[in-house]
Structure formats: C-alpha cells, structure tokens
$ cat start_20.pdb   # PDB, C-alpha atoms, pLDDT in the B column
ATOM      1  CA  MET A   1     -71.147 167.703  68.754  1.00 90.00           C
ATOM      2  CA  GLN A   2     -74.921 168.106  68.869  1.00 92.00           C
ATOM      3  CA  THR A   3     -75.589 168.569  65.153  1.00 92.00           C
ATOM      4  CA  ILE A   4     -73.011 166.294  63.498  1.00 95.00           C
ATOM      5  CA  PHE A   5     -70.890 164.012  65.689  1.00 92.00           C
ATOM      6  CA  LEU A   6     -73.484 162.605  68.092  1.00 94.00           C
ATOM      7  CA  PRO A   7     -76.219 162.168  65.434  1.00 95.00           C
ATOM      8  CA  THR A   8     -73.712 160.331  63.230  1.00 94.00           C
ATOM      9  CA  MET A   9     -72.781 157.961  66.059  1.00 91.00           C
ATOM     10  CA  ALA A  10     -76.449 157.425  66.956  1.00 94.00           C
ATOM     11  CA  ALA A  11     -77.315 156.588  63.334  1.00 95.00           C
ATOM     12  CA  MET A  12     -74.406 154.161  63.004  1.00 94.00           C
ATOM     13  CA  ASN A  13     -75.364 152.454  66.266  1.00 92.00           C
ATOM     14  CA  ALA A  14     -79.043 152.277  65.251  1.00 95.00           C
ATOM     15  CA  GLU A  15     -78.008 150.471  62.061  1.00 96.00           C
ATOM     16  CA  GLY A  16     -75.740 148.112  64.006  1.00 94.00           C
ATOM     17  CA  ARG A  17     -72.631 149.530  62.358  1.00 90.00           C
ATOM     18  CA  THR A  18     -70.171 149.527  65.204  1.00 83.00           C
ATOM     19  CA  PHE A  19     -66.877 151.099  64.298  1.00 84.00           C
ATOM     20  CA  LYS A  20     -63.360 150.643  65.640  1.00 84.00           C
ATOM     21  CA  GLY A  21     -60.826 153.109  64.404  1.00 80.00           C
ATOM     22  CA  CYS A  22     -60.511 156.737  63.553  1.00 81.00           C
ATOM     23  CA  LEU A  23     -63.560 158.295  61.949  1.00 84.00           C
ATOM     24  CA  TYR A  24     -62.600 161.612  60.422  1.00 84.00           C
ATOM     25  CA  PHE A  25     -65.258 164.269  59.948  1.00 88.00           C
ATOM     26  CA  GLY A  26     -64.390 166.632  57.092  1.00 87.00           C
ATOM     27  CA  LEU A  27     -66.322 169.790  57.946  1.00 91.00           C
ATOM     28  CA  MET A  28     -66.779 173.198  56.387  1.00 94.00           C
ATOM     29  CA  LEU A  29     -67.931 176.160  58.408  1.00 93.00           C
ATOM     30  CA  THR A  30     -70.704 178.018  56.589  1.00 95.00           C
ATOM     31  CA  PRO A  31     -72.934 180.966  57.523  1.00 96.00           C
ATOM     32  CA  LYS A  32     -75.596 178.331  58.381  1.00 94.00           C
ATOM     33  CA  GLY A  33     -73.225 176.409  60.641  1.00 91.00           C
ATOM     34  CA  PRO A  34     -70.890 173.457  60.079  1.00 93.00           C
ATOM     35  CA  LYS A  35     -71.617 171.140  57.152  1.00 94.00           C
ATOM     36  CA  VAL A  36     -70.216 167.663  56.493  1.00 95.00           C
ATOM     37  CA  ILE A  37     -68.029 167.455  53.391  1.00 93.00           C
ATOM     38  CA  GLU A  38     -66.928 163.880  53.958  1.00 91.00           C
ATOM     39  CA  TYR A  39     -66.588 161.066  56.414  1.00 89.00           C
ATOM     40  CA  ASN A  40     -63.299 159.255  56.186  1.00 86.00           C
ATOM     41  CA  CYS A  41     -62.176 156.156  58.044  1.00 83.00           C
ATOM     42  CA  ARG A  42     -58.495 156.410  57.290  1.00 76.00           C
ATOM     43  CA  PHE A  43     -56.015 158.608  59.025  1.00 73.00           C
ATOM     44  CA  GLY A  44     -54.803 160.397  55.903  1.00 70.00           C
ATOM     45  CA  ASP A  45     -51.709 162.495  55.447  1.00 68.00           C
ATOM     46  CA  PRO A  46     -52.908 166.068  56.164  1.00 75.00           C
ATOM     47  CA  GLU A  47     -55.135 164.969  59.041  1.00 76.00           C
ATOM     48  CA  THR A  48     -52.359 162.920  60.620  1.00 81.00           C
ATOM     49  CA  GLN A  49     -49.823 165.677  60.191  1.00 82.00           C
ATOM     50  CA  VAL A  50     -51.794 168.126  62.340  1.00 85.00           C
ATOM     51  CA  VAL A  51     -53.363 165.756  64.852  1.00 87.00           C
ATOM     52  CA  LEU A  52     -50.492 163.479  65.860  1.00 89.00           C
ATOM     53  CA  PRO A  53     -48.011 166.231  66.791  1.00 88.00           C
ATOM     54  CA  LEU A  54     -50.522 167.384  69.410  1.00 93.00           C
ATOM     55  CA  LEU A  55     -51.089 163.869  70.803  1.00 94.00           C
ATOM     56  CA  GLU A  56     -49.450 163.517  74.195  1.00 96.00           C
ATOM     57  CA  SER A  57     -50.613 159.941  74.829  1.00 96.00           C
ATOM     58  CA  ASP A  58     -48.944 156.913  73.276  1.00 96.00           C
ATOM     59  CA  LEU A  59     -50.558 156.137  69.902  1.00 94.00           C
ATOM     60  CA  LEU A  60     -49.802 152.402  70.006  1.00 95.00           C
ATOM     61  CA  THR A  61     -51.418 152.104  73.439  1.00 97.00           C
ATOM     62  CA  ILE A  62     -54.533 153.864  72.103  1.00 95.00           C
ATOM     63  CA  MET A  63     -54.714 151.633  69.016  1.00 92.00           C
ATOM     64  CA  GLN A  64     -54.331 148.476  71.079  1.00 96.00           C
ATOM     65  CA  ALA A  65     -57.042 149.645  73.475  1.00 96.00           C
ATOM     66  CA  VAL A  66     -59.421 150.315  70.559  1.00 92.00           C
ATOM     67  CA  THR A  67     -58.775 146.860  69.114  1.00 92.00           C
ATOM     68  CA  GLU A  68     -59.278 145.219  72.495  1.00 94.00           C
ATOM     69  CA  GLU A  69     -62.416 147.311  73.257  1.00 92.00           C
ATOM     70  CA  ARG A  70     -60.913 148.903  76.378  1.00 95.00           C
ATOM     71  CA  LEU A  71     -60.418 152.480  75.238  1.00 94.00           C
ATOM     72  CA  ALA A  72     -62.291 153.754  78.299  1.00 95.00           C
ATOM     73  CA  GLU A  73     -59.330 152.538  80.382  1.00 97.00           C
ATOM     74  CA  VAL A  74     -56.795 154.633  78.470  1.00 97.00           C
ATOM     75  CA  GLU A  75     -56.163 158.347  78.808  1.00 96.00           C
ATOM     76  CA  VAL A  76     -56.196 160.013  75.382  1.00 96.00           C
ATOM     77  CA  LYS A  77     -54.599 163.385  75.893  1.00 97.00           C
ATOM     78  CA  PHE A  78     -53.852 166.155  73.427  1.00 96.00           C
ATOM     79  CA  ALA A  79     -51.926 169.377  73.936  1.00 95.00           C
ATOM     80  CA  THR A  80     -54.718 171.903  74.321  1.00 94.00           C
ATOM     81  CA  ASP A  81     -52.391 174.860  74.749  1.00 95.00           C
ATOM     82  CA  ARG A  82     -50.789 174.436  71.299  1.00 93.00           C
ATOM     83  CA  ALA A  83     -51.945 174.478  67.679  1.00 93.00           C
ATOM     84  CA  ALA A  84     -50.732 172.654  64.583  1.00 90.00           C
ATOM     85  CA  ALA A  85     -50.885 173.572  60.907  1.00 89.00           C
ATOM     86  CA  CYS A  86     -49.964 171.740  57.724  1.00 86.00           C
ATOM     87  CA  VAL A  87     -49.325 173.313  54.326  1.00 84.00           C
ATOM     88  CA  ILE A  88     -49.497 170.933  51.354  1.00 83.00           C
ATOM     89  CA  MET A  89     -47.434 171.222  48.191  1.00 80.00           C
ATOM     90  CA  ALA A  90     -49.281 169.456  45.395  1.00 82.00           C
ATOM     91  CA  SER A  91     -48.227 168.449  41.905  1.00 84.00           C
ATOM     92  CA  GLU A  92     -49.392 170.750  39.111  1.00 84.00           C
ATOM     93  CA  GLY A  93     -52.726 169.470  37.845  1.00 87.00           C
ATOM     94  CA  TYR A  94     -53.680 167.718  41.114  1.00 86.00           C
ATOM     95  CA  PRO A  95     -56.268 166.289  41.762  1.00 84.00           C
ATOM     96  CA  ALA A  96     -56.865 165.536  38.081  1.00 89.00           C
ATOM     97  CA  HIS A  97     -53.936 164.592  35.822  1.00 88.00           C
ATOM     98  CA  TYR A  98     -50.421 165.339  37.022  1.00 87.00           C
ATOM     99  CA  GLU A  99     -46.926 164.319  35.973  1.00 86.00           C
ATOM    100  CA  LYS A 100     -44.723 162.145  38.186  1.00 88.00           C
ATOM    101  CA  GLY A 101     -41.011 161.569  38.551  1.00 88.00           C
ATOM    102  CA  TYR A 102     -39.779 165.089  39.279  1.00 85.00           C
ATOM    103  CA  PRO A 103     -36.825 165.190  41.717  1.00 86.00           C
ATOM    104  CA  ILE A 104     -37.548 166.424  45.226  1.00 82.00           C
ATOM    105  CA  THR A 105     -34.765 168.283  46.995  1.00 78.00           C
ATOM    106  CA  ILE A 106     -35.374 169.371  50.549  1.00 74.00           C
ATOM    107  CA  PRO A 107     -32.906 171.889  51.982  1.00 71.00           C
ATOM    108  CA  ALA A 108     -31.358 170.728  55.245  1.00 72.00           C
ATOM    109  CA  ASP A 109     -32.566 173.824  57.114  1.00 68.00           C
ATOM    110  CA  VAL A 110     -36.247 172.944  56.494  1.00 64.00           C
ATOM    111  CA  ALA A 111     -36.086 169.130  56.413  1.00 64.00           C
ATOM    112  CA  ASP A 112     -37.257 168.850  60.029  1.00 64.00           C
ATOM    113  CA  GLY A 113     -40.706 170.145  59.093  1.00 57.00           C
ATOM    114  CA  VAL A 114     -41.264 168.224  55.874  1.00 61.00           C
ATOM    115  CA  TYR A 115     -43.398 165.111  55.563  1.00 63.00           C
ATOM    116  CA  VAL A 116     -42.892 163.386  52.228  1.00 66.00           C
ATOM    117  CA  ALA A 117     -46.102 161.627  51.221  1.00 68.00           C
ATOM    118  CA  GLY A 118     -46.470 161.343  47.445  1.00 75.00           C
ATOM    119  CA  ALA A 119     -42.935 160.264  46.658  1.00 82.00           C
ATOM    120  CA  ALA A 120     -40.825 157.333  45.535  1.00 86.00           C
ATOM    121  CA  LEU A 121     -37.151 156.495  45.485  1.00 89.00           C
ATOM    122  CA  LYS A 122     -35.744 156.159  41.958  1.00 92.00           C
ATOM    123  CA  ASP A 123     -32.031 155.587  41.405  1.00 93.00           C
ATOM    124  CA  GLY A 124     -31.242 156.978  44.860  1.00 90.00           C
ATOM    125  CA  GLN A 125     -33.241 160.180  44.281  1.00 88.00           C
ATOM    126  CA  VAL A 126     -36.556 161.019  45.960  1.00 85.00           C
ATOM    127  CA  VAL A 127     -39.052 161.846  43.169  1.00 88.00           C
ATOM    128  CA  THR A 128     -42.712 162.832  42.976  1.00 86.00           C
ATOM    129  CA  ALA A 129     -45.084 159.869  42.731  1.00 86.00           C
ATOM    130  CA  GLY A 130     -48.416 161.304  43.833  1.00 82.00           C
ATOM    131  CA  GLY A 131     -50.574 164.387  43.845  1.00 84.00           C
ATOM    132  CA  ARG A 132     -50.032 165.665  47.379  1.00 82.00           C
ATOM    133  CA  VAL A 133     -46.268 165.506  47.481  1.00 80.00           C
ATOM    134  CA  LEU A 134     -45.056 167.451  50.504  1.00 78.00           C
ATOM    135  CA  GLY A 135     -46.689 168.440  53.740  1.00 78.00           C
ATOM    136  CA  VAL A 136     -44.886 170.956  55.896  1.00 79.00           C
ATOM    137  CA  SER A 137     -46.223 170.889  59.437  1.00 81.00           C
ATOM    138  CA  ALA A 138     -45.537 172.959  62.494  1.00 83.00           C
ATOM    139  CA  VAL A 139     -46.678 173.295  66.093  1.00 87.00           C
ATOM    140  CA  ALA A 140     -46.802 176.631  67.889  1.00 89.00           C
ATOM    141  CA  ASP A 141     -48.643 178.450  70.652  1.00 93.00           C
ATOM    142  CA  ASP A 142     -51.559 179.433  68.388  1.00 94.00           C
ATOM    143  CA  LEU A 143     -52.843 178.716  64.875  1.00 94.00           C
ATOM    144  CA  PRO A 144     -51.471 181.855  63.173  1.00 95.00           C
ATOM    145  CA  ALA A 145     -47.997 181.121  64.561  1.00 91.00           C
ATOM    146  CA  ALA A 146     -48.215 177.433  63.544  1.00 89.00           C
ATOM    147  CA  LEU A 147     -49.285 178.411  60.038  1.00 90.00           C
ATOM    148  CA  GLU A 148     -46.458 180.931  59.762  1.00 88.00           C
ATOM    149  CA  ALA A 149     -43.962 178.301  60.935  1.00 84.00           C
ATOM    150  CA  ALA A 150     -45.296 175.738  58.428  1.00 83.00           C
ATOM    151  CA  LEU A 151     -45.066 178.276  55.631  1.00 83.00           C
ATOM    152  CA  GLU A 152     -41.481 178.972  56.663  1.00 79.00           C
ATOM    153  CA  GLY A 153     -40.839 175.218  56.680  1.00 65.00           C
ATOM    154  CA  ARG A 154     -39.580 174.696  60.166  1.00 48.00           C
ATOM    155  CA  GLN A 155     -40.225 172.398  63.146  1.00 43.00           C
ATOM    156  CA  LEU A 156     -41.127 168.732  63.591  1.00 36.00           C
ATOM    157  CA  ARG A 157     -39.169 165.788  62.281  1.00 38.00           C
ATOM    158  CA  PRO A 158     -39.393 164.140  58.861  1.00 38.00           C
ATOM    159  CA  LEU A 159     -41.790 161.262  58.399  1.00 37.00           C
ATOM    160  CA  PHE A 160     -41.581 159.362  55.168  1.00 36.00           C
ATOM    161  CA  LEU A 161     -44.933 157.777  54.321  1.00 34.00           C
TER     162      LEU A 161
END
$ encode --input "start_20.pdb" --output "structure tokens"
Amino acid sequence: MQTIFLPTMAAMNAEGRTFKGCLYFGLMLTPKGPKVIEYNCRFGDPETQVVLPLLESDLLTIMQAVTEERLAEVEVKFATDRAAACVIMASEGYPAHYEKGYPITIPADVADGVYVAGAALKDGQVVTAGGRVLGVSAVADDLPAALEAALEGRQLRPLFL
C-alpha cells in the first residue's frame, strides 16, 4: 500500500486523472520488494476468475455505486477466510503466433470449474479462437488447496466469456 498503491493514486490525483473502475496492479514479488509489471484498467479473464468468486457483495451494486460516485455508501466485502486459484490452458505458441479452430471438449465431471475465454462456436462445436483458451478456477480454504482443486478441474460454475 505504501510503496505502490497509494503513491499511484496520489500521482493520478495530482495530474487530475480521476479514475472510475477497476485498476489492476500487476505485481511481482522480488528480493527487493514488490515491483509493478503493469497497470491494467480492464477486469481481464485470469484476474476476474480469482477475484469474483471471493466477492460476497453484489457486483452490480458496486458498479452502479462507482458510476454514481457513491461507493463509500456500499459495503464491498470479500471472503477473507478462503482463497482462489486459476490455472490457464493456453494455445501452443501463445502469446506469439498460435493456431485457432481446434475443438474444445470439456468432460462433464470438470465442466463446473472451467471458464471458456478464447473460444468461438463453429458449426455447433466450441473451438479455440484465442491464446488463453481455458481457465480452470477453484475456491478452497487456502491457496495450496485452491490450486490443487483448479489443477484437478473442479468447483465453480462455467462462465462463457
């Protein structure tokens, strides 16, 4: 908070760049402390897939409050006693050149934990259409358990983006 988040907000305010929305801080922990990899103002697939399952408040209510500049009136609550993990399956060659159009078949026993992001529907078949194709997310009591569950492909419900 002291070295990245608050200085970023102070700099944006000093430049008169007010912001409404979700500002994502891509950080990497290094031996010298956290470092900023990127700032992102979209709520992208992997970020969404681990943040939203822990959100206990109503997302629409939060978004409306942000738009109407009354967020201070709304309780934004996350599950603090749980952890979420997301494992991404990417097309071969991603992020550079990758082929598209490969069929995606998701077994019924793991479909509840699969988010299909980089896909399209072609002749009734779901096919690859992007680089990050599948995100398998899970929520558990701690991060190792959530990661294990995501790797096993279980939990959550499908969300087709």
$ resolve_selection --input "start_20.pdb" --expression "the PyMOL selection byres ((chain A and resi 118) around 7)" --output "mmCIF file with C-alpha atoms, keeping the file's coordinate frame"
data_model
loop_
_atom_site.group_PDB
_atom_site.id
_atom_site.type_symbol
_atom_site.label_atom_id
_atom_site.label_comp_id
_atom_site.auth_asym_id
_atom_site.auth_seq_id
_atom_site.Cartn_x
_atom_site.Cartn_y
_atom_site.Cartn_z
ATOM 1 C CA VAL A 116 -42.892 163.386 52.228
ATOM 2 C CA ALA A 117 -46.102 161.627 51.221
ATOM 3 C CA ALA A 119 -42.935 160.264 46.658
ATOM 4 C CA THR A 128 -42.712 162.832 42.976
ATOM 5 C CA ALA A 129 -45.084 159.869 42.731
ATOM 6 C CA GLY A 130 -48.416 161.304 43.833
ATOM 7 C CA GLY A 131 -50.574 164.387 43.845
ATOM 8 C CA ARG A 132 -50.032 165.665 47.379
ATOM 9 C CA VAL A 133 -46.268 165.506 47.481
ATOM 10 C CA LEU A 134 -45.056 167.451 50.504
#
$ resolve_selection --input "start_20.pdb" --expression "the PyMOL selection byres ((chain A and resi 142) around 10)" --output "VMD selection string"
chain A and resid 81 to 85 139 to 141 143 to 147
$ residues_around --input "start_20.pdb" --residues "Val127 in chain A" --least-positions-apart "5" --cutoff "6 Å" --atoms "only C-alpha atoms" --output "MDAnalysis selection string"
chainID A and resid 101:104 119:120
$ closest_residue --input "start_20.pdb" --among "A:Asp123, A:Glu38, A:Asp58, A:Glu15" --to "Phe78 in chain A" --atoms "only C-alpha atoms"
A:Asp58
$ closest_residue --input "start_20.pdb" --among "A:Ile88, A:Met12, A:Leu151, A:Ala138" --to "Leu54 in chain A" --atoms "all atoms listed in the file"
A:Ala138
$ closest_residue --input "start_20.pdb" --among "A:Val51, A:Val136, A:Ile106, A:Ile62" --to "Ala90 in chain A" --atoms "all atoms listed in the file"
A:Val136
$ atom_distance --input "start_20.pdb" --atom1 "CA of Ser57 in chain A" --atom2 "CA of Lys77 in chain A"
5.4 Å
$ atom_distance --input "start_20.pdb" --atom1 "CA of Glu56 in chain A" --atom2 "CA of Ala79 in chain A"
6.4 Å
$ closest_atom_pairs --input "start_20.pdb" --of "range 36-147 of chain A" --to "range 17-27 of chain A" --cutoff "10 Å" --atoms "only C-alpha atoms" --output "tab-separated table"
residue	atom	partner	partner_atom	distance
A:Val36	CA	A:Leu27	CA	4.7
A:Ile37	CA	A:Gly26	CA	5.3
A:Glu38	CA	A:Gly26	CA	4.9
A:Tyr39	CA	A:Phe25	CA	5.0
A:Asn40	CA	A:Tyr24	CA	4.9
A:Cys41	CA	A:Leu23	CA	4.7
A:Arg42	CA	A:Cys22	CA	6.6
A:Phe43	CA	A:Cys22	CA	6.6
A:Gly44	CA	A:Tyr24	CA	9.1
A:Glu47	CA	A:Tyr24	CA	8.3
A:Ile62	CA	A:Gly21	CA	10.0
A:Met63	CA	A:Gly21	CA	7.8
A:Val66	CA	A:Lys20	CA	6.3
A:Thr67	CA	A:Lys20	CA	6.9
A:Glu68	CA	A:Lys20	CA	9.6
A:Glu69	CA	A:Lys20	CA	8.4
$ closest_residue --input "start_20.pdb" --among "A:Gln49, A:Thr3, A:Gln125, A:Thr105" --to "Pro34 in chain A" --atoms "only C-alpha atoms"
A:Thr3
$ atom_distance --input "start_20.pdb" --atom1 "CA of Cys86 in chain A" --atom2 "CA of Gly135 in chain A"
6.1 Å
$ axis_aligned_box --input "start_20.pdb" --around "range 17-24 of chain A" --padding-each-side "6 Å" --output "JSON"
{"center_x": -66.6, "center_y": 155.6, "center_z": 63.0, "size_x": 24.1, "size_y": 24.1, "size_z": 17.2}
$ closest_residue --input "start_20.pdb" --among "A:Pro46, A:Pro53, A:Gly124, A:Pro107" --to "Val87 in chain A" --atoms "all atoms listed in the file"
A:Pro46
$ decode --input "start_20.pdb" --residues "range 19-32 of chain A" --atoms "N, CA and C atoms" --output "PDB file, in the first residue's frame"
ATOM      1  N   PHE A  19     -10.246   8.438 -11.730  1.00  0.00           N
ATOM      2  CA  PHE A  19     -10.494   7.142 -12.354  1.00  0.00           C
ATOM      3  C   PHE A  19     -11.684   6.475 -11.707  1.00  0.00           C
ATOM      4  N   LYS A  20     -12.604   5.989 -12.532  1.00  0.00           N
ATOM      5  CA  LYS A  20     -13.742   5.207 -12.059  1.00  0.00           C
ATOM      6  C   LYS A  20     -13.626   3.847 -12.704  1.00  0.00           C
ATOM      7  N   GLY A  21     -13.552   2.830 -11.902  1.00  0.00           N
ATOM      8  CA  GLY A  21     -13.453   1.494 -12.459  1.00  0.00           C
ATOM      9  C   GLY A  21     -12.551   0.630 -11.615  1.00  0.00           C
ATOM     10  N   CYS A  22     -12.048  -0.386 -12.245  1.00  0.00           N
ATOM     11  CA  CYS A  22     -11.168  -1.331 -11.572  1.00  0.00           C
ATOM     12  C   CYS A  22      -9.758  -1.146 -12.111  1.00  0.00           C
ATOM     13  N   LEU A  23      -8.874  -0.678 -11.279  1.00  0.00           N
ATOM     14  CA  LEU A  23      -7.476  -0.521 -11.671  1.00  0.00           C
ATOM     15  C   LEU A  23      -6.710  -1.707 -11.107  1.00  0.00           C
ATOM     16  N   TYR A  24      -6.205  -2.509 -12.008  1.00  0.00           N
ATOM     17  CA  TYR A  24      -5.499  -3.737 -11.635  1.00  0.00           C
ATOM     18  C   TYR A  24      -4.003  -3.454 -11.575  1.00  0.00           C
ATOM     19  N   PHE A  25      -3.384  -3.854 -10.496  1.00  0.00           N
ATOM     20  CA  PHE A  25      -1.947  -3.711 -10.317  1.00  0.00           C
ATOM     21  C   PHE A  25      -1.304  -5.082 -10.518  1.00  0.00           C
ATOM     22  N   GLY A  26      -0.595  -5.256 -11.630  1.00  0.00           N
ATOM     23  CA  GLY A  26       0.144  -6.495 -11.857  1.00  0.00           C
ATOM     24  C   GLY A  26       1.489  -6.379 -11.145  1.00  0.00           C
ATOM     25  N   LEU A  27       1.686  -7.155 -10.118  1.00  0.00           N
ATOM     26  CA  LEU A  27       2.892  -7.051  -9.293  1.00  0.00           C
ATOM     27  C   LEU A  27       3.706  -8.329  -9.343  1.00  0.00           C
ATOM     28  N   MET A  28       5.012  -8.171  -9.134  1.00  0.00           N
ATOM     29  CA  MET A  28       5.892  -9.322  -8.978  1.00  0.00           C
ATOM     30  C   MET A  28       6.673  -9.113  -7.690  1.00  0.00           C
ATOM     31  N   LEU A  29       6.685 -10.147  -6.872  1.00  0.00           N
ATOM     32  CA  LEU A  29       7.468 -10.066  -5.639  1.00  0.00           C
ATOM     33  C   LEU A  29       8.911 -10.405  -5.967  1.00  0.00           C
ATOM     34  N   THR A  30       9.822  -9.509  -5.586  1.00  0.00           N
ATOM     35  CA  THR A  30      11.246  -9.698  -5.837  1.00  0.00           C
ATOM     36  C   THR A  30      11.988  -9.637  -4.503  1.00  0.00           C
ATOM     37  N   PRO A  31      13.263 -10.012  -4.489  1.00  0.00           N
ATOM     38  CA  PRO A  31      14.037  -9.884  -3.245  1.00  0.00           C
ATOM     39  C   PRO A  31      14.094  -8.443  -2.730  1.00  0.00           C
ATOM     40  N   LYS A  32      13.893  -7.458  -3.626  1.00  0.00           N
ATOM     41  CA  LYS A  32      13.907  -6.044  -3.227  1.00  0.00           C
ATOM     42  C   LYS A  32      12.508  -5.513  -2.965  1.00  0.00           C
TER      43      LYS A  32
END
